[in-house]
Every structure is written in structure tokens, then in C-alpha cells.
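Engineer: Dropping in run.pdb, which is PDB, C-alpha atoms:
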```pdb
ATOM      1  CA  MET P 767      -4.852   4.555  -2.569
ATOM      2  CA  LEU P 768      -7.415   4.458  -5.251
ATOM      3  CA  ILE P 769      -6.675   1.558  -7.635
ATOM      4  CA  GLY P 770      -8.880  -0.851  -9.513
ATOM      5  CA  ALA P 771     -11.567   0.224 -11.961
ATOM      6  CA  LEU P 772     -15.063   0.807 -10.625
ATOM      7  CA  GLY P 773     -18.052  -0.605 -12.388
ATOM      8  CA  ILE P 774     -21.695   0.250 -11.864
ATOM      9  CA  ALA P 775     -23.529  -2.300  -9.802
ATOM     10  CA  GLY P 776     -26.723  -1.890 -11.757
ATOM     11  CA  LEU P 777     -28.808  -2.567  -8.696
ATOM     12  CA  VAL P 778     -31.332   0.093  -7.816
ATOM     13  CA  CYS P 779     -33.335  -0.062  -4.633
ATOM     14  CA  THR P 780     -35.293   2.198  -2.349
ATOM     15  CA  THR P 781     -34.739   2.422   1.366
ATOM     16  CA  ARG P 782     -35.613   4.279   4.498
ATOM     17  CA  GLU P 783     -32.699   5.918   6.284
ATOM     18  CA  HIS P 784     -30.694   3.407   8.398
ATOM     19  CA  ASP P 785     -32.446   0.392   6.745
ATOM     20  CA  GLU P 786     -30.108  -1.655   4.577
ATOM     21  CA  PRO P 787     -31.194  -1.961   0.906
ATOM     22  CA  ALA P 788     -31.780  -5.675   1.250
ATOM     23  CA  ALA P 789     -30.873  -7.354  -2.042
ATOM     24  CA  PRO P 790     -27.546  -5.739  -3.081
ATOM     25  CA  CYS P 791     -26.344  -5.272   0.490
ATOM     26  CA  GLU P 792     -27.006  -8.834   1.536
ATOM     27  CA  ALA P 793     -25.480 -10.116  -1.693
ATOM     28  CA  GLU P 794     -22.285  -8.171  -1.054
ATOM     29  CA  ARG P 795     -22.168  -9.310   2.571
ATOM     30  CA  THR P 796     -22.383 -12.930   1.412
ATOM     31  CA  ALA P 797     -19.761 -12.358  -1.294
ATOM     32  CA  ILE P 798     -17.282 -10.872   1.218
ATOM     33  CA  GLN P 799     -17.783 -13.800   3.580
ATOM     34  CA  ALA P 800     -17.170 -16.205   0.701
ATOM     35  CA  GLU P 801     -13.756 -14.667  -0.020
ATOM     36  CA  TRP P 802     -12.238 -15.150   3.437
ATOM     37  CA  SER P 803     -12.982 -18.059   5.747
ATOM     38  CA  GLU P 804     -11.229 -20.537   8.003
ATOM     39  CA  SER P 805     -10.709 -22.873   5.050
ATOM     40  CA  HIS P 806      -8.972 -20.068   3.129
ATOM     41  CA  ARG P 807      -6.784 -19.339   6.151
ATOM     42  CA  THR P 808      -5.807 -23.012   6.399
ATOM     43  CA  ALA P 809      -5.051 -23.289   2.678
ATOM     44  CA  ILE P 810      -2.821 -20.202   2.757
ATOM     45  CA  THR P 811      -0.969 -21.472   5.818
ATOM     46  CA  GLU P 812      -0.374 -24.822   4.107
ATOM     47  CA  ALA P 813       0.807 -23.104   0.910
ATOM     48  CA  LEU P 814       3.321 -21.014   2.829
ATOM     49  CA  ARG P 815       4.556 -23.969   4.883
ATOM     50  CA  ALA P 816       5.003 -25.924   1.648
ATOM     51  CA  THR P 817       7.684 -23.429   0.600
ATOM     52  CA  ASN P 818       9.837 -24.807   3.462
ATOM     53  CA  VAL P 819      11.234 -21.378   4.305
ATOM     54  CA  ALA P 820      12.140 -20.921   7.972
ATOM     55  CA  PHE P 821       9.774 -18.000   8.387
ATOM     56  CA  ALA P 822       6.706 -19.666   6.834
ATOM     57  CA  GLY P 823       4.805 -20.007  10.104
ATOM     58  CA  ASP P 824       5.408 -16.412  11.169
ATOM     59  CA  THR P 825       4.440 -15.182   7.721
ATOM     60  CA  ALA P 826       1.237 -17.236   7.623
ATOM     61  CA  ALA P 827       0.138 -15.874  10.990
ATOM     62  CA  ARG P 828       0.849 -12.270  10.037
ATOM     63  CA  VAL P 829      -0.725 -12.514   6.592
ATOM     64  CA  SER P 830      -3.867 -14.066   8.060
ATOM     65  CA  ALA P 831      -4.134 -11.374  10.736
ATOM     66  CA  ALA P 832      -3.660  -8.625   8.150
ATOM     67  CA  LEU P 833      -6.321 -10.166   5.900
ATOM     68  CA  ASP P 834      -8.684 -10.373   8.885
ATOM     69  CA  THR P 835      -8.249  -6.619   9.268
ATOM     70  CA  TYR P 836      -8.677  -6.015   5.539
ATOM     71  CA  VAL P 837     -11.906  -7.999   5.383
ATOM     72  CA  ARG P 838     -13.244  -6.136   8.419
ATOM     73  CA  GLY P 839     -12.551  -2.937   6.502
ATOM     74  CA  LEU P 840     -14.515  -4.186   3.494
ATOM     75  CA  GLU P 841     -17.440  -5.205   5.678
ATOM     76  CA  SER P 842     -17.318  -1.881   7.532
ATOM     77  CA  ALA P 843     -17.472   0.031   4.227
ATOM     78  CA  ARG P 844     -20.339  -2.165   3.026
ATOM     79  CA  SER P 845     -22.230  -1.663   6.280
ATOM     80  CA  GLN P 846     -21.726   2.099   6.262
ATOM     81  CA  LEU P 847     -22.985   2.359   2.687
ATOM     82  CA  CYS P 848     -26.004   0.198   3.402
ATOM     83  CA  LYS P 849     -27.064   1.662   6.742
ATOM     84  CA  GLN P 850     -26.681   5.258   5.594
ATOM     85  CA  PRO P 851     -26.964   5.115   1.785
ATOM     86  CA  PRO P 852     -25.437   8.132   0.033
ATOM     87  CA  PRO P 853     -27.645  10.009  -2.432
ATOM     88  CA  GLY P 854     -28.180   9.183  -6.078
ATOM     89  CA  ALA P 855     -25.793   6.863  -7.834
ATOM     90  CA  LEU P 856     -23.175   7.125  -5.082
ATOM     91  CA  PHE P 857     -24.670   4.130  -3.277
ATOM     92  CA  GLU P 858     -24.294   1.912  -6.337
ATOM     93  CA  GLN P 859     -20.804   3.249  -7.020
ATOM     94  CA  GLY P 860     -19.739   2.707  -3.415
ATOM     95  CA  LEU P 861     -21.021  -0.849  -3.326
ATOM     96  CA  ALA P 862     -19.349  -1.527  -6.681
ATOM     97  CA  CYS P 863     -16.116  -0.201  -5.161
ATOM     98  CA  VAL P 864     -16.394  -2.726  -2.327
ATOM     99  CA  GLY P 865     -16.973  -5.427  -4.927
ATOM    100  CA  GLU P 866     -13.870  -4.429  -6.883
ATOM    101  CA  LEU P 867     -11.726  -4.562  -3.750
ATOM    102  CA  ARG P 868     -13.203  -7.942  -2.933
ATOM    103  CA  VAL P 869     -11.898  -9.103  -6.323
ATOM    104  CA  GLU P 870      -8.473  -7.688  -5.442
ATOM    105  CA  LEU P 871      -8.636  -9.737  -2.242
ATOM    106  CA  ARG P 872      -9.431 -12.864  -4.253
ATOM    107  CA  LEU P 873      -6.529 -12.273  -6.655
ATOM    108  CA  PHE P 874      -4.192 -11.766  -3.736
ATOM    109  CA  ARG P 875      -5.449 -14.930  -2.052
ATOM    110  CA  GLU P 876      -4.940 -16.896  -5.265
ATOM    111  CA  TRP P 877      -1.380 -15.548  -5.524
ATOM    112  CA  LEU P 878      -0.707 -16.760  -1.991
ATOM    113  CA  LEU P 879      -1.926 -20.247  -2.892
ATOM    114  CA  ARG P 880       0.675 -20.372  -5.707
ATOM    115  CA  ILE P 881       3.461 -18.736  -3.720
ATOM    116  CA  THR P 882       7.042 -19.895  -4.182
ATOM    117  CA  ALA P 883       9.924 -19.966  -1.732
ATOM    118  CA  ALA P 884      11.465 -17.008  -3.582
ATOM    119  CA  ASP P 885       8.330 -14.891  -3.195
ATOM    120  CA  ALA P 886       7.390 -15.899   0.361
ATOM    121  CA  ARG P 887       9.495 -13.091   1.817
ATOM    122  CA  PHE P 888       7.237 -10.530   0.121
ATOM    123  CA  ALA P 889       3.917 -11.919   1.383
ATOM    124  CA  VAL P 890       3.533  -9.784   4.512
ATOM    125  CA  MET P 891       4.443  -6.556   2.736
ATOM    126  CA  ALA P 892       2.137  -7.388  -0.163
ATOM    127  CA  VAL P 893      -0.953  -7.348   2.051
ATOM    128  CA  TYR P 894      -0.343  -3.654   2.613
ATOM    129  CA  GLU P 895      -0.361  -2.985  -1.131
ATOM    130  CA  LEU P 896      -4.029  -3.935  -1.251
ATOM    131  CA  PRO P 897      -6.135  -0.816  -1.925
ATOM    132  CA  SER P 898      -7.880   0.850   0.983
ATOM    133  CA  SER P 899     -11.640   0.465   1.389
ATOM    134  CA  ASP P 900     -11.860   4.032   2.734
ATOM    135  CA  ASP P 901     -12.420   5.345  -0.788
ATOM    136  CA  CYS P 902     -15.591   3.286  -1.126
ATOM    137  CA  THR P 903     -17.339   5.582   1.360
ATOM    138  CA  ASN P 904     -15.640   8.797   0.253
ATOM    139  CA  HIS P 905     -18.172  10.810  -1.771
ATOM    140  CA  LYS P 906     -15.519  12.963  -3.445
ATOM    141  CA  ALA P 907     -13.561   9.904  -4.567
ATOM    142  CA  LEU P 908     -16.688   8.162  -5.843
ATOM    143  CA  GLN P 909     -17.808  11.229  -7.794
ATOM    144  CA  ALA P 910     -14.364  11.489  -9.373
ATOM    145  CA  LYS P 911     -14.515   7.837 -10.385
ATOM    146  CA  ALA P 912     -17.919   8.332 -11.963
ATOM    147  CA  ARG P 913     -16.447  11.011 -14.250
ATOM    148  CA  GLU P 914     -13.659   8.789 -15.545
ATOM    149  CA  THR P 915     -13.188   8.392 -19.277
ATOM    150  CA  PRO P 916     -12.538   4.963 -20.843
ATOM    151  CA  GLN P 917      -8.921   6.010 -21.400
ATOM    152  CA  LEU P 918      -8.450   6.851 -17.734
ATOM    153  CA  GLU P 919     -10.065   3.580 -16.679
ATOM    154  CA  THR P 920      -7.619   1.712 -18.911
ATOM    155  CA  VAL P 921      -4.482   3.321 -17.487
ATOM    156  CA  ARG P 922      -5.823   2.985 -13.945
ATOM    157  CA  LYS P 923      -6.165  -0.744 -14.534
ATOM    158  CA  GLN P 924      -2.610  -0.867 -15.875
ATOM    159  CA  VAL P 925      -1.337   0.934 -12.765
ATOM    160  CA  THR P 926      -3.316  -1.491 -10.597
ATOM    161  CA  ASP P 927      -1.667  -4.424 -12.348
ATOM    162  CA  ALA P 928       1.787  -2.842 -12.092
ATOM    163  CA  ILE P 929       1.468  -2.242  -8.360
ATOM    164  CA  ARG P 930       0.131  -5.763  -7.889
ATOM    165  CA  ASP P 931       3.146  -7.170  -9.770
ATOM    166  CA  THR P 932       5.598  -5.378  -7.472
ATOM    167  CA  ARG P 933       4.693  -7.795  -4.681
ATOM    168  CA  THR P 934       7.451 -10.054  -6.045
ATOM    169  CA  GLY P 935       9.959  -7.292  -5.335
ATOM    170  CA  LYS P 936      10.950  -7.024  -8.976
ATOM    171  CA  PRO P 937      10.904  -3.752 -10.932
ATOM    172  CA  VAL P 938       7.972  -3.521 -13.296
ATOM    173  CA  ALA P 939       8.997  -3.284 -16.934
ATOM    174  CA  GLY P 940       7.708  -0.052 -18.403
ATOM    175  CA  ALA P 941       6.789   1.475 -15.033
ATOM    176  CA  GLU P 942       8.252   4.869 -15.876
ATOM    177  CA  PRO P 943       6.393   5.460 -19.172
ATOM    178  CA  LEU P 944       3.205   4.046 -17.654
ATOM    179  CA  PHE P 945       3.389   6.403 -14.682
ATOM    180  CA  ARG P 946       4.181   9.382 -16.904
ATOM    181  CA  GLU P 947       1.313   8.627 -19.264
ATOM    182  CA  THR P 948      -1.092   8.099 -16.391
ATOM    183  CA  ALA P 949      -0.057  11.353 -14.713
ATOM    184  CA  ALA P 950      -0.775  13.307 -17.906
ATOM    185  CA  ILE P 951      -4.151  11.653 -18.483
ATOM    186  CA  ALA P 952      -5.118  12.030 -14.809
ATOM    187  CA  GLU P 953      -4.243  15.736 -14.884
ATOM    188  CA  THR P 954      -6.543  16.326 -17.839
ATOM    189  CA  ALA P 955      -9.321  14.347 -16.156
ATOM    190  CA  HIS P 956      -8.781  16.021 -12.742
ATOM    191  CA  ALA P 957      -8.241  12.552 -11.217
ATOM    192  CA  ASP P 958      -6.256  13.930  -8.295
ATOM    193  CA  GLU P 959      -5.853  10.727  -6.298
ATOM    194  CA  LEU P 960      -4.472   8.708  -9.199
ATOM    195  CA  ARG P 961      -2.211  11.533 -10.348
ATOM    196  CA  ALA P 962      -0.735  11.938  -6.869
ATOM    197  CA  LEU P 963      -0.123   8.211  -6.582
ATOM    198  CA  VAL P 964       1.693   7.808  -9.905
ATOM    199  CA  LEU P 965       3.770  10.975  -9.446
ATOM    200  CA  VAL P 966       5.004   9.732  -6.073
ATOM    201  CA  ARG P 967       5.717   6.270  -7.462
ATOM    202  CA  LEU P 968       7.490   7.833 -10.469
ATOM    203  CA  ALA P 969       9.682   9.885  -8.141
ATOM    204  CA  GLY P 970      10.544   6.701  -6.268
ATOM    205  CA  VAL P 971      11.464   4.879  -9.494
ATOM    206  CA  LEU P 972      13.683   7.710 -10.733
ATOM    207  CA  ALA P 973      15.375   8.144  -7.335
ATOM    208  CA  GLU P 974      16.670   4.565  -7.543
ATOM    209  CA  ILE P 975      18.199   4.992 -11.027
ATOM    210  CA  PRO P 976      21.822   6.245 -10.996
ATOM    211  CA  GLY P 977      22.141   9.536 -12.802
ATOM    212  CA  ARG P 978      18.442  10.413 -12.682
ATOM    213  CA  GLU P 979      18.298  11.809  -9.156
ATOM    214  CA  GLY P 980      17.774  15.315 -10.497
ATOM    215  CA  GLU P 981      14.647  14.233 -12.384
ATOM    216  CA  ALA P 982      13.245  12.719  -9.207
ATOM    217  CA  LEU P 983      13.915  15.905  -7.227
ATOM    218  CA  ALA P 984      12.318  18.042  -9.944
ATOM    219  CA  LEU P 985       9.053  16.128  -9.538
ATOM    220  CA  GLU P 986       8.572  17.191  -5.925
ATOM    221  CA  PRO P 987       6.620  20.471  -6.435
ATOM    222  CA  VAL P 988       4.238  18.832  -8.902
ATOM    223  CA  ALA P 989       3.772  15.785  -6.689
ATOM    224  CA  LEU P 990       3.145  17.907  -3.589
ATOM    225  CA  ALA P 991       0.499  19.933  -5.387
ATOM    226  CA  ALA P 992      -1.258  16.719  -6.399
ATOM    227  CA  ILE P 993      -0.985  15.246  -2.898
ATOM    228  CA  LYS P 994      -2.724  18.257  -1.377
ATOM    229  CA  ARG P 995      -5.836  17.356  -3.374
ATOM    230  CA  ALA P 996      -5.623  13.619  -2.596
ATOM    231  CA  THR P 997      -7.390  11.591   0.075
ATOM    232  CA  HIS P 998      -4.481   9.524   1.374
ATOM    233  CA  GLU P 999      -2.223  12.501   1.973
ATOM    234  CA  ARG P1000      -0.183  11.185   4.918
ATOM    235  CA  VAL P1001       0.923   7.958   3.223
ATOM    236  CA  LEU P1002       1.807   9.758  -0.008
ATOM    237  CA  VAL P1003       3.762  12.443   1.867
ATOM    238  CA  ALA P1004       5.790   9.738   3.605
ATOM    239  CA  GLU P1005       6.540   8.019   0.282
ATOM    240  CA  LEU P1006       7.500  11.289  -1.385
ATOM    241  CA  HIS P1007       9.846  12.364   1.423
ATOM    242  CA  ARG P1008      11.555   8.982   1.244
ATOM    243  CA  ALA P1009      11.966   9.225  -2.524
ATOM    244  CA  MET P1010      13.488  12.690  -2.138
ATOM    245  CA  GLY P1011      15.784  11.433   0.624
ATOM    246  CA  THR P1012      16.965   8.601  -1.615
ATOM    247  CA  ALA P1013      17.587  10.976  -4.522
ATOM    248  CA  LEU P1014      19.527  13.384  -2.311
ATOM    249  CA  THR P1015      21.616  10.534  -0.895
ATOM    250  CA  ARG P1016      22.536   9.335  -4.384
ATOM    251  CA  SER P1017      23.414  12.893  -5.403
ATOM    252  CA  GLY P1018      25.777  13.262  -2.423
ATOM    253  CA  ALA P1019      23.702  15.767  -0.438
ATOM    254  CA  THR P1020      23.841  13.732   2.780
ATOM    255  CA  ASP P1021      22.809  16.529   5.161
ATOM    256  CA  LYS P1022      19.698  17.312   3.144
ATOM    257  CA  SER P1023      18.927  13.645   2.653
ATOM    258  CA  LEU P1024      18.910  13.028   6.413
ATOM    259  CA  THR P1025      16.412  15.851   6.918
ATOM    260  CA  ARG P1026      14.101  14.411   4.301
ATOM    261  CA  LEU P1027      14.389  10.853   5.608
ATOM    262  CA  GLU P1028      13.570  12.089   9.113
ATOM    263  CA  ALA P1029      10.526  13.856   7.668
ATOM    264  CA  ALA P1030       9.569  10.643   5.882
ATOM    265  CA  LEU P1031       9.806   8.713   9.140
ATOM    266  CA  ALA P1032       7.669  11.260  10.991
ATOM    267  CA  ALA P1033       5.013  11.042   8.279
ATOM    268  CA  ALA P1034       5.183   7.230   8.279
ATOM    269  CA  ARG P1035       4.729   7.077  12.056
ATOM    270  CA  ALA P1036       1.583   9.172  11.671
ATOM    271  CA  ALA P1037       0.236   7.208   8.715
ATOM    272  CA  PHE P1038       0.976   3.558   9.448
ATOM    273  CA  PRO P1039      -0.646   1.430  12.169
ATOM    274  CA  ALA P1040       1.297  -0.634  14.713
ATOM    275  CA  GLY P1041       2.842  -3.711  13.134
ATOM    276  CA  ASP P1042       2.894  -2.250   9.631
ATOM    277  CA  PRO P1043       5.811  -3.854   7.748
ATOM    278  CA  ARG P1044       6.570  -0.641   5.884
ATOM    279  CA  LEU P1045       7.700   1.203   9.016
ATOM    280  CA  PRO P1046      10.994  -0.645   9.697
ATOM    281  CA  GLY P1047      12.310   0.487   6.314
ATOM    282  CA  TYR P1048      11.640   4.132   7.128
ATOM    283  CA  VAL P1049      13.436   3.805  10.469
ATOM    284  CA  HIS P1050      16.357   1.965   8.921
ATOM    285  CA  ALA P1051      16.757   4.616   6.215
ATOM    286  CA  VAL P1052      17.461   7.213   8.921
ATOM    287  CA  ALA P1053      20.055   4.906  10.496
ATOM    288  CA  VAL P1054      21.779   4.479   7.143
ATOM    289  CA  ALA P1055      21.847   8.244   6.582
ATOM    290  CA  LEU P1056      23.367   8.826  10.032
ATOM    291  CA  ASN P1057      26.035   6.194   9.433
ATOM    292  CA  GLN P1058      26.882   7.867   6.136
ATOM    293  CA  GLN P1059      27.593  11.000   8.162
ATOM    294  CA  GLN P1060      29.907   8.979  10.437
ATOM    295  CA  ARG P1061      27.486   9.212  13.381
ATOM    296  CA  PRO P1062      27.216   5.582  14.536
ATOM    297  CA  ALA P1063      26.168   6.450  18.075
ATOM    298  CA  ASP P1064      23.206   8.434  16.744
ATOM    299  CA  ALA P1065      22.367   5.675  14.273
ATOM    300  CA  ARG P1066      22.300   2.900  16.881
ATOM    301  CA  PRO P1067      18.869   3.686  18.413
ATOM    302  CA  TYR P1068      17.325   3.683  14.931
ATOM    303  CA  GLN P1069      18.992   0.364  14.100
ATOM    304  CA  GLU P1070      17.637  -1.129  17.316
ATOM    305  CA  GLU P1071      14.158   0.214  16.642
ATOM    306  CA  ALA P1072      14.177  -0.999  13.042
ATOM    307  CA  HIS P1073      15.095  -4.504  14.208
ATOM    308  CA  ARG P1074      12.448  -4.472  16.950
ATOM    309  CA  LEU P1075       9.775  -3.337  14.494
ATOM    310  CA  ALA P1076      10.850  -5.964  11.965
ATOM    311  CA  VAL P1077      10.518  -8.744  14.547
ATOM    312  CA  ASP P1078       6.993  -7.529  15.226
ATOM    313  CA  ALA P1079       6.053  -7.093  11.572
ATOM    314  CA  PHE P1080       7.789 -10.089   9.971
ATOM    315  CA  GLY P1081       8.965 -12.467  12.712
ATOM    316  CA  ALA P1082      12.475 -13.229  13.954
ATOM    317  CA  GLU P1083      13.436 -15.585  11.102
ATOM    318  CA  HIS P1084      12.389 -13.392   8.178
ATOM    319  CA  PRO P1085      15.230 -12.277   5.849
ATOM    320  CA  VAL P1086      14.515  -8.595   6.540
ATOM    321  CA  THR P1087      14.744  -9.170  10.285
ATOM    322  CA  LEU P1088      17.886 -11.290   9.994
ATOM    323  CA  ALA P1089      19.610  -8.653   7.864
ATOM    324  CA  LEU P1090      18.793  -5.962  10.416
ATOM    325  CA  ALA P1091      19.924  -8.224  13.261
ATOM    326  CA  ASN P1092      23.246  -8.815  11.532
ATOM    327  CA  GLU P1093      23.748  -5.111  10.929
ATOM    328  CA  LEU P1094      22.911  -4.353  14.552
ATOM    329  CA  ALA P1095      25.341  -7.002  15.815
ATOM    330  CA  GLN P1096      28.109  -5.454  13.745
ATOM    331  CA  ALA P1097      27.284  -1.990  15.085
ATOM    332  CA  ARG P1098      27.532  -3.259  18.671
ATOM    333  CA  ARG P1099      31.007  -4.656  18.215
ATOM    334  CA  PRO P1100      33.680  -2.617  19.988
TER     335      PRO P1100
END
```
Using C-alpha cells, write down the structure that the file contains.

Structural biologist:
Amino acid sequence: MLIGALGIAGLVCTTREHDEPAAPCEAERTAIQAEWSESHRTAITEALRATNVAFAGDTAARVSAALDTYVRGLESARSQLCKQPPPGALFEQGLACVGELRVELRLFREWLLRITAADARFAVMAVYELPSSDDCTNHKALQAKARETPQLETVRKQVTDAIRDTRTGKPVAGAEPLFRETAAIAETAHADELRALVLVRLAGVLAEIPGREGEALALEPVALAAIKRATHERVLVAELHRAMGTALTRSGATDKSLTRLEAALAAARAAFPAGDPRLPGYVHAVAVALNQQQRPADARPYQEEAHRLAVDAFGAEHPVTLALANELAQARRP
């Protein structure tokens, strides 16, 4: 996903191919290293343990491992930009992109240091809301960012903040009008990635509101058209299928909803890596749809898989895992 406003690094250098432009590249390498170290890992672990939740240790280990992976992604993007600099201003824009994501990492780390017992359950999932560093080396995405108007930059920042706020699991006040406004501005500016993102998120918001399922379903053709022009197509397709499945379930079309939730799961399996905490929810949604059709025997394998994936993603004592374990125990009763 492309979130966070890009600035211009303002650092111009010359280089031979495969030689790193020394000053800005080394500065960014040092800055990345400064944002994630053993002392940061220890502080986050202590902050989570201080919440006294039963799953604090499991969460600390999983958050740290996920941040290790995220930082490797930032360094990989930095290295790729510096060893094979793209032409013109793309190098500066790409390195600025890495810098912006580094700031997102810092904000996330600071949130973890202030984490409460109520929010600890969201920590693992929140790591996966951090924006991908893939866009920092994507020439098409960088060129699109360079064409952004001040108005588009403003709404992009608002969307970034809204998505960041959802890590507490609470609905964001004003999400619907923000997403609608952003979609309109992004369409005018041909900002395909941002438009696809907010249309999918808007569909998900509307699908959860009783009585507005039809509005969510009506967004699908527009959202699909935007997704086809986006970079992170597989993740967005999975999210959109799930939103449509939810809307169909709420509207009573259980047969159609199962088909869409199965499609969402297939897309999620293709898009998400092993251990991704988003995957258990996609599996569980299929189990719920099958149970709604009075097919408990068909639902059972999905319930078992959802629980197994949750243990891997969250740990055995996490509330998500415990809820799935309880549901599975009930399903196994004669």
C-alpha cells in the first residue's frame, strides 16, 4: 500500500553504475539502523510485559520478528536504489520514500512503548498495517507520487493517519467521508494506488454497517477497475472479496457470500506470507459462512486451520486464538 507523503530528499549526487552514491545512501543506512536495535527490542518487550496480559511474551516475540523483517525490507529498498540508481529525480524520490517509511517505523515503535493492556491484543496485527517498502523502488509509483498536488498530499496524509489509528481496533470517526473525498481527488489526479486502497477500505466500512450492504456491493466494479491499475493487486483483491462476502452475508445472500469469502481466502493465501496474522480471519470467515448454511462438517476443517494459524501468528494465549479454540471445542462436542 502506498501511504505516507513523499518529500524530496534534496540530495543530488553523481555515481557510476553499481556504486552507491555515498553521502545520502550512507546517511539513510545509518538512519535505518538507528530506528531498530537490540535496545529498541528490549524496550518494546518490557513495555508489552508491563501490560501484564497473558500473551505479552508471545506478542513481544512476534512483533520483534515482524519488525526485523520490515527493517530488512527498508534496507533492501535502500540498497537497491543505491546500487542501481534510477534515472533523474527517481533516485531522490525513492530514497525519500524509504525515509518516510522509516518515520512510520519510528511512530509505530513509539506507540508500542506507550501500549496499554487494552491495545496489546492489536500489536501483532498492527505491524502488518505498516506500508510496504516495495513502492520505494517502483518507478511507476514514484512517478505518480512526484505528480501529486498539495491537495492530494493532504488527503493521503489523512488516510495514513486514519489507517494508523485503526491499530487500536476502533472505527475511525469520519472514515467514510474521508475515503469518499480521497477517492474523488485521487481519480482526478490519476493516483491509482491510493484510489484503489480507499475504495476497498470504503467498501469494507459500508459492508459492516447494517442497511448499507447495497452501497458496499455497488462499489465493486469501480474498486476492481482501480485495483487493476494498482501495484498491490493481490492484497486489495483479497480485501475486496472479503468486503463483498460480508455485505452479501448481511443481506441474506449466504450462497453468494460463501463463494466470495472462498475467493477472498484464495487471494489471501496467495498474497500473505506464512505467519501473517491476517490469514486466520480469512479462513474463519469461510467457516462461519459454512455454519450459516448448516454445514458444520464442512466448516470444521476451516475452524481447525484458523485456530492452527492463529497459534502460529499470535500465540496460544492471545484473545483471538482463545476465541477460536473455544469455538472449535464447541464444534467438536457430540

Engineer: Running the PyMOL selection byres ((chain P and resi 992) around 8) on this model by hand, what would come out? Give it as a VMD selection string.

Structural biologist: chain P and resid 958 to 959 961 to 962 988 to 991 993 to 996

Engineer: What does the structure give for the distance between atom CA of P:Pro851 and atom CA of P:Arg795, in Å to one decimal?

Structural biologist: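 Here the two named atoms are 15.2 Å from each other.
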
Engineer: Quick one: residues within 10 Å of stretch 902-909 of chain P, all atoms listed in the file counted, chain neighbours fewer than 6 positions away excluded, as a count of residues only?

Structural biologist: 29

Engineer: By how many Å are atom CA of P:Leu1014 and atom CA of P:Ala1055 apart?

Structural biologist: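 Spanning atom CA of P:Leu1014 to atom CA of P:Ala1055 is a straight-line distance of 10.5 Å.
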
Engineer: Output the residue selection produced by the PyMOL selection byres ((chain P and resi 1000) around 12) on the file above, formatted as a ChimeraX atom specification.

Structural biologist: /P:767,962-963,990,993-999,1001-1007,1029-1038

Engineer: For P:Arg1099, please output as JSON, numbers by chain all residues within 12 Å (counting only C-alpha atoms; exclusion window: fewer than 4 positions along the same chain).

Structural biologist: {"P": [1062, 1066, 1092, 1093, 1094, 1095]}

Engineer: Can you list, as a ChimeraX atom specification, every protein, DNA or RNA residue that comes within 7 Å of P:Ser1023 when you count only C-alpha atoms, leaving out same-chain residues fewer than 5 positions away?

Structural biologist: /P:1011-1012,1014-1015

Engineer: So which residues get picked by the PyMOL selection byres ((chain P and resi 823) around 12) here, written as a short mmCIF file (atom, residue, chain, number, x, y, z; two decimals) with C-alpha atoms, in the frame of the given file?

Structural biologist:
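This went into result-v2.cif:
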```cif
data_model
loop_
_atom_site.label_atom_id
_atom_site.label_comp_id
_atom_site.auth_asym_id
_atom_site.auth_seq_id
_atom_site.Cartn_x
_atom_site.Cartn_y
_atom_site.Cartn_z
CA THR P 808 -5.81 -23.01 6.40
CA ILE P 810 -2.82 -20.20 2.76
CA THR P 811 -0.97 -21.47 5.82
CA GLU P 812 -0.37 -24.82 4.11
CA ALA P 813 0.81 -23.10 0.91
CA LEU P 814 3.32 -21.01 2.83
CA ARG P 815 4.56 -23.97 4.88
CA ALA P 816 5.00 -25.92 1.65
CA THR P 817 7.68 -23.43 0.60
CA ASN P 818 9.84 -24.81 3.46
CA VAL P 819 11.23 -21.38 4.30
CA ALA P 820 12.14 -20.92 7.97
CA PHE P 821 9.77 -18.00 8.39
CA ALA P 822 6.71 -19.67 6.83
CA ASP P 824 5.41 -16.41 11.17
CA THR P 825 4.44 -15.18 7.72
CA ALA P 826 1.24 -17.24 7.62
CA ALA P 827 0.14 -15.87 10.99
CA ARG P 828 0.85 -12.27 10.04
CA VAL P 829 -0.72 -12.51 6.59
CA SER P 830 -3.87 -14.07 8.06
CA ALA P 886 7.39 -15.90 0.36
CA ARG P 887 9.49 -13.09 1.82
CA ALA P 889 3.92 -11.92 1.38
CA VAL P 890 3.53 -9.78 4.51
CA PHE P 1080 7.79 -10.09 9.97
CA GLY P 1081 8.96 -12.47 12.71
CA ALA P 1082 12.48 -13.23 13.95
CA GLU P 1083 13.44 -15.58 11.10
CA HIS P 1084 12.39 -13.39 8.18
#
```

Engineer: Atom CA of P:Leu1027 and atom CA of P:Leu1056, how far apart in Å?

Structural biologist: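 It comes out at 10.2 Å.
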
Engineer: Mind checking which residues fall within 7 Å of stretch 975-982 of chain P, counting all atoms listed in the file, ignoring those fewer than 4 positions away in the same chain, and posting them as a list of chain:residue names?

Structural biologist: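 Those residues are P:Ala969, P:Val971, P:Ala1013, P:Arg1016, P:Ser1017.
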
Engineer: Quick one: write out the picked residues with C-alpha atoms as a JSON list (two decimals), in the frame of the given file?

Structural biologist:
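Result file follows (part.json):
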```
[["chain", "number", "residue", "atom", "x", "y", "z"],
["P", 969, "ALA", "CA", 9.68, 9.88, -8.14],
["P", 971, "VAL", "CA", 11.46, 4.88, -9.49],
["P", 1013, "ALA", "CA", 17.59, 10.98, -4.52],
["P", 1016, "ARG", "CA", 22.54, 9.34, -4.38],
["P", 1017, "SER", "CA", 23.41, 12.89, -5.40]]
```

Engineer: Restricting the calculation to all atoms listed in the file, which member of P:Ala1089, P:Met1010, P:Leu896, P:Leu960 is positioned closest to P:Ala910?

Structural biologist: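 Looking only at the distances to P:Ala910, the closest residue turns out to be P:Leu960.
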
Engineer: With 8 Å on each side, where is the centre of the axis-aligned box around all listed atoms of stretch 1035-1041 of chain P, and how long are its edges in Å to one decimal, as AutoDock Vina command-line options?

Structural biologist:
```
--center_x 2.0 --center_y 2.7 --center_z 11.7 --size_x 21.4 --size_y 28.9 --size_z 22.0
```

Engineer: Quick one: of P:Asp927, P:Asp885, P:Asp1042, P:Asp1021, who's nearest to P:Gln1059, counting only C-alpha atoms?

Structural biologist: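 Residue with the minimum atom-to-atom distance to P:Gln1059: P:Asp1021.
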